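Novice: A single structure is presented below for examination.
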Amino acid sequence: MPTTVSRPRLRRGVVPAAFALSLVLLCICTAAGLTGTFFFPLFSLWADCLLFCLTLAAVRRAGVRFELFHGAVLVAVYLLVAICFNLQVNSRSFIYVWDYSNYTLLQYQAEAAFQGGALAGLWHLVSTFTEDYTSFICLFTEFPFCLSAHTGDSYVLSQLISIFPTLLVALGGVVVKVGQLLPVRNDKGFFLIGLSTAASFPLLRMAASLGQPDWFGLIFALIILLLTIDFRFDAGEPGRCVGLFFATAALVLTRRWYLYFIVSYYLVYAVTVAGSTILLIGRGRGGQAVDRIRRLITFGAGSLAAILVLFWPIVRKILSYSYESHYAAYNVGGLGLELFSQAFRLGPFYLPLVIAGVVWAFLRGKGTAALQALAVLALSLVLFTRVQNMGSHQSLLLMPGYFTLMLMGVAALADTLDRLRYLKLGYWLAALAFSLSARLSPLTTIALPDFLFDYITAGAVQEFIRLDNMIYDRTDMDQVRALARWIDQNCAGGEFAYMIPHSMTYCPDTFKNVDLPSQPLEDKLSFGFGILGTHAFPTDLFEAKYVITADPFPWCYEVSSVAQKLNDQFLALKDTYFTYETSFDMGNGTVFTVWRRTVPATRAEANAYLAAFSAEDAQFPELYSQVINDWCNQKGL
């Protein structure tokens with residue numbers, strides 16, 4: 001008689017019970033003092049495993065089943081991207097400044113908080129949830145990071161363990177789901193080409209390679225996409241609704257600007273469900289239509305109420321703070337420039353895929369799905385550019401829409417592979433090679449392989465490329481360390497220096513973070529000042545033992561640099577209050593000069609700066625006149 005072999009299956013509830021038991025054991029061991037400093041890494045490992053399993057559960061809830069072939073492709077793509085990512089990070093010489101150092105420093109702070117005990121550490125994580133940069137991601141990045149050298153590069157590479165596997169599983173689920181939606185005939189070819197092409201998209205990895213782990217939020221954005229792309233509330237499915245709620249809540253905690261995706265996606269989704277419901281009424285299925293709308297309203301209203309209750313401090317800050325005016329320095333061209341920039345970010349291989357995907361979807365009778373993705377992209381762009389233009393990390397909120405349209409283009413490629421096979425396979429392989437070798441730098445608009453930069457001779461972009469080279473692969477590391485060492489040696493306890501340049505090329509962070517995790521200048525070099533509407537006037541300038549300038553003044557990427565105005569005013573007053581101390585040649589045309597204060601700050605000096613910033617003060621008195629006058633009053637001036 002023939003025999004059948006069935007795969008062993010875990011009983012329902014075994015996995016949740018295992019996670020609950022492991023958490024209880026971890027808490028018991030902590031209370032008994034057995035885990036000590038290992039609580040945070042172990043808790044992080046537990047959170048990573050839980051998120052991975054929940055992502056798999058969301059994939060299954062969406063009707064996607066991974067088979068051996070899918071698993072093999074997932075592993076192969078992971079290794080390919082991880083190897084290229086690792087080689088790229090280790091081949092450059094990059095100093096993490098500004099936003100690129102924020103999460104590494106947040107990780108240090110979280111580790112320090114957990115040194116005071118598990119409860120102190122957990123409270124630290126929760127207490128940051130109302131801030132612009134929360135420590136939510138730190139919970140998931142601690143386990144691999146704790147085993148590293150704690151440098152900026154090691155924080156970047158730790159994401160390959162803590163974030164990328166789960167993100168790749170969610171992306172794999174989306175690939176299969178889009179293939180089911182179309183439907184795709186060559187499903188294996190589609191999955192191989194689609195997953196590898198999407199995972200190698202430079203914009204997906206760009207922010208992560210620079211120390212901004214914002215792609216973590218894409219895990220939750222893709223879960224939302226998975227659970228809604230073909231769901232129309234024809235059944236209750238409480239498990240799906242719970243997953244949607246928690247994915248949305250986690251996305252809010254990841255980065256606040258993901259709210260633009262949340263609002264845009266759910267608005268377009270609600271319109272889509274309403275439209276399909278109207279069609280049901282036209283077909284005489286009014287009862288089903290009423291049930292569908294009732295479930296949609298119940299879920300939407302309940303989720304909104306819960307979000308308001310749970311995140312009221314965040315919501316209150318968003319409603320009370322004028323981001324549009326305070327972030328105006330980042331609005332450098334509005335919607336028109338943003339459309340142009342996004343076309344460049346898609347690049348020569350992905351933009352054709354997006355266009356082909358829209359056409360293919362309409363040809364296959366799935367134009368509604370394409371229109372839905374386009375509507376989400378359009379609405380997200382319009383809403384976001386009312387405040388500012390996007391950087392590479394903020395462009396991540398467009399990735400679910402980009403992925404959907406790209407995969408539709410890949411479907412066109414896979415299902416017509418019998419025609420012009422070698423040309424299409426060549427296109428795919430060229431896209432992989434081009435994308436995986438692209439330079440992922442702070443100034444990247446269009447991601448190009450490194451070797452191509454040597455052949456770009458256009459005068460209009462030569463200076464831009466020079467600055468990009470200076471930032472991405474620094475040749476002045478020894479000079480930066482020399483100036484940092486001088487500041488450390490010449491500022492005793494309680495003394496500090498103030499550096500006026502605040503640009504991507506040179507700023508206080510350049511010298512404070514050059515040798516992370518060592519931070520000898522943490523209390524000896526003040527935070528910079530350079531963004532209109534965001535940074536308050538630096539009264540540290542009045543109290544610093546040394547003030548440091550640079551000639552020529554480093555290029556700044558804001559349209560209107562208040563740092564340049566501060567520099568000009570300082571040079572006009574320096575002979576009265578300062579004397580020359582020393583200078584440092586950085587070896588690339590920039591010379592830093594150190595000035596030592598010889599005359600204590602006066603009211604006349606403060607008034608001179610206040611007059612110089614009269615236009616800025618008219619816009620933001622709370623950042624200029626109020627700050628300067630408060631300081632003068634405290635000092636009896």
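Residue numbering restarts at 1 in every chain; chains get A, B, ... in the order shown in the structure tokens, and ligands count up from 1 in that same order.
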Report as a list in words all protein, DNA and RNA residues lying within 7 Å of region 149-165 of chain A, evaluated on only C-alpha atoms, omitting residues in the same chain fewer than 2 positions from it.
Specialist: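 Result of the neighbour search: Asp48, Ala82, Asn86, Val89, Tyr96, Thr104, Phe140, Thr141, Pro144, Phe145, Leu167, Leu168, Val169, Ala208, Ser209, Gly211, Phe216, Leu516 and Pro517 of chain A.
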Novice: Given only C-alpha atoms, how would the per-residue table for region 283-324 of chain A near region 362-386 of chain A read, listing every residue at most 12 Å away with its closest atom pair and distance in Å to one decimal, sorted by chain and number, as a Markdown table?
Specialist:
| residue | atom | partner | partner_atom | distance |
| --- | --- | --- | --- | --- |
| A:Ser322 | CA | A:Arg386 | CA | 11.4 |
| A:Tyr323 | CA | A:Arg386 | CA | 9.4 |
| A:Glu324 | CA | A:Arg386 | CA | 6.7 |
Novice: Just the residues within 8 Å of Asn389 (chain A), please, counting only C-alpha atoms, with nothing from its chain fewer than 3 positions along; format it as a ChimeraX atom specification.
Specialist: /A:330-335,338,384-385
Novice: When DSSP works through the backbone of this structure, what residues of region 122-232 of chain A end up as alpha helix (DSSP H), shown as an NGL selection string?
Specialist: :A and (122-127 or 136-146 or 152-162 or 164-181 or 187-199 or 202-209 or 216-228)
Novice: I want to know what sits within 8 Å of Gln212 (chain A), based on only C-alpha atoms, with residues of the same chain fewer than 2 positions away left out; could you give that as a ChimeraX atom specification?
Specialist: /A:99-103,156,207-210,214-215,393
Novice: May I have the selected residues written with N, CA, C and O atoms, as a CSV table (one decimal), in the first residue's frame?
Specialist:
chain,number,residue,atom,x,y,z
A,99,ASP,N,21.8,63.9,11.5
A,99,ASP,CA,20.8,62.8,11.7
A,99,ASP,C,21.4,61.4,11.5
A,99,ASP,O,20.9,60.4,12.0
A,100,TYR,N,22.6,61.3,10.9
A,100,TYR,CA,23.2,60.0,10.7
A,100,TYR,C,23.9,59.5,12.0
A,100,TYR,O,24.3,58.3,12.0
A,101,SER,N,24.0,60.3,13.0
A,101,SER,CA,24.5,59.8,14.3
A,101,SER,C,23.5,59.7,15.3
A,101,SER,O,23.7,59.1,16.4
A,102,ASN,N,22.3,60.2,15.1
A,102,ASN,CA,21.2,60.2,16.1
A,102,ASN,C,20.9,58.9,16.7
A,102,ASN,O,20.9,58.7,17.9
A,103,TYR,N,20.8,57.8,15.9
A,103,TYR,CA,20.3,56.5,16.4
A,103,TYR,C,21.5,55.8,17.1
A,103,TYR,O,21.2,55.1,18.1
A,156,VAL,N,25.5,50.4,11.8
A,156,VAL,CA,24.9,50.2,10.5
A,156,VAL,C,24.8,48.8,10.1
A,156,VAL,O,23.8,48.3,9.7
A,207,ALA,N,19.3,55.1,3.4
A,207,ALA,CA,19.3,55.7,4.8
A,207,ALA,C,19.9,54.7,5.8
A,207,ALA,O,20.7,55.2,6.7
A,208,ALA,N,19.7,53.4,5.6
A,208,ALA,CA,20.2,52.5,6.6
A,208,ALA,C,21.8,52.5,6.5
A,208,ALA,O,22.4,52.3,7.5
A,209,SER,N,22.3,52.6,5.3
A,209,SER,CA,23.8,52.6,5.2
A,209,SER,C,24.4,53.8,5.8
A,209,SER,O,25.6,53.8,6.0
A,210,LEU,N,23.6,54.9,6.1
A,210,LEU,CA,24.2,56.1,6.6
A,210,LEU,C,23.8,56.2,8.1
A,210,LEU,O,24.1,57.3,8.7
A,214,ASP,N,15.6,53.9,9.5
A,214,ASP,CA,14.2,54.1,9.3
A,214,ASP,C,13.5,53.1,8.4
A,214,ASP,O,12.3,53.0,8.4
A,215,TRP,N,14.3,52.2,7.7
A,215,TRP,CA,13.6,51.2,7.0
A,215,TRP,C,13.0,50.1,7.9
A,215,TRP,O,12.2,49.3,7.4
A,393,HIS,N,15.8,59.2,3.5
A,393,HIS,CA,15.1,58.4,4.6
A,393,HIS,C,13.6,58.7,4.5
A,393,HIS,O,12.8,57.8,4.7
Novice: Can you pull out every residue within 9 Å of Ser435 (chain A), counting only C-alpha atoms, but drop anything in the same chain fewer than 5 positions away, and send it as a list in words?
Specialist: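 Near neighbours after the sequence-gap exclusion: Thr197, Ser200, Phe201, Pro202, Phe349, Ala430, Ala447, Leu448 and Pro449 of chain A.
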Novice: Please provide the set of residues having any atom within 10 Å of Tyr402 (chain A), restricted to only C-alpha atoms, with same-chain residues fewer than 5 positions apart removed, written as a list in words.
Specialist: Ala198, Leu346, Tyr350, Leu351, Leu353, Val354, Ala373, Leu374, Val376, Leu377, Leu396, Leu397, Leu407 and Met408 of chain A
Novice: Taking 5 positions as the minimum chain separation for residues in the same chain, which residues sit within 12 Å of Gly63 (chain A) when counting only C-alpha atoms? Answer as a ChimeraX atom specification.
Specialist: /A:56-58,173-174,176-181,226-231,240
Novice: Okay, now the selection with N, CA and C atoms, as a short mmCIF file (atom, residue, chain, number, x, y, z; two decimals), in the first residue's frame?
Specialist:
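Final file, again_1.cif:
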data_model
loop_
_atom_site.label_atom_id
_atom_site.label_comp_id
_atom_site.auth_asym_id
_atom_site.auth_seq_id
_atom_site.Cartn_x
_atom_site.Cartn_y
_atom_site.Cartn_z
N LEU A 56 5.68 36.74 9.98
CA LEU A 56 5.30 35.50 9.30
C LEU A 56 3.80 35.22 9.48
N ALA A 57 3.30 35.52 10.66
CA ALA A 57 1.86 35.32 10.91
C ALA A 57 1.02 36.24 10.03
N ALA A 58 1.48 37.49 9.85
CA ALA A 58 0.77 38.42 8.98
C ALA A 58 0.81 37.96 7.54
N GLY A 173 6.53 38.44 1.22
CA GLY A 173 5.09 38.25 1.26
C GLY A 173 4.37 39.17 0.30
N VAL A 174 4.82 40.42 0.19
CA VAL A 174 4.21 41.37 -0.75
C VAL A 174 4.42 40.91 -2.19
N VAL A 176 4.73 37.82 -3.35
CA VAL A 176 3.79 36.72 -3.63
C VAL A 176 2.37 37.26 -3.75
N LYS A 177 2.01 38.19 -2.86
CA LYS A 177 0.64 38.71 -2.86
C LYS A 177 0.34 39.47 -4.14
N VAL A 178 1.27 40.29 -4.60
CA VAL A 178 1.05 41.01 -5.86
C VAL A 178 0.96 40.01 -7.01
N GLY A 179 1.77 38.96 -6.96
CA GLY A 179 1.68 37.92 -7.98
C GLY A 179 0.33 37.24 -8.00
N GLN A 180 -0.26 37.03 -6.82
CA GLN A 180 -1.60 36.44 -6.74
C GLN A 180 -2.65 37.41 -7.27
N LEU A 181 -2.44 38.67 -7.00
CA LEU A 181 -3.43 39.69 -7.38
C LEU A 181 -3.54 39.84 -8.89
N LEU A 226 0.04 44.17 3.02
CA LEU A 226 -0.30 42.76 2.89
C LEU A 226 -1.73 42.47 3.37
N LEU A 227 -2.09 43.05 4.50
CA LEU A 227 -3.36 42.73 5.13
C LEU A 227 -4.55 43.47 4.52
N THR A 228 -4.28 44.42 3.64
CA THR A 228 -5.39 45.22 3.09
C THR A 228 -5.49 45.15 1.58
N ILE A 229 -4.47 44.70 0.87
CA ILE A 229 -4.41 44.87 -0.57
C ILE A 229 -5.61 44.22 -1.29
N ASP A 230 -6.13 43.11 -0.76
CA ASP A 230 -7.31 42.50 -1.36
C ASP A 230 -8.41 42.23 -0.33
N PHE A 231 -8.32 42.89 0.82
CA PHE A 231 -9.30 42.70 1.88
C PHE A 231 -10.35 43.80 1.81
N ARG A 240 -6.96 39.77 11.68
CA ARG A 240 -6.43 40.69 10.67
C ARG A 240 -6.54 42.14 11.18
#
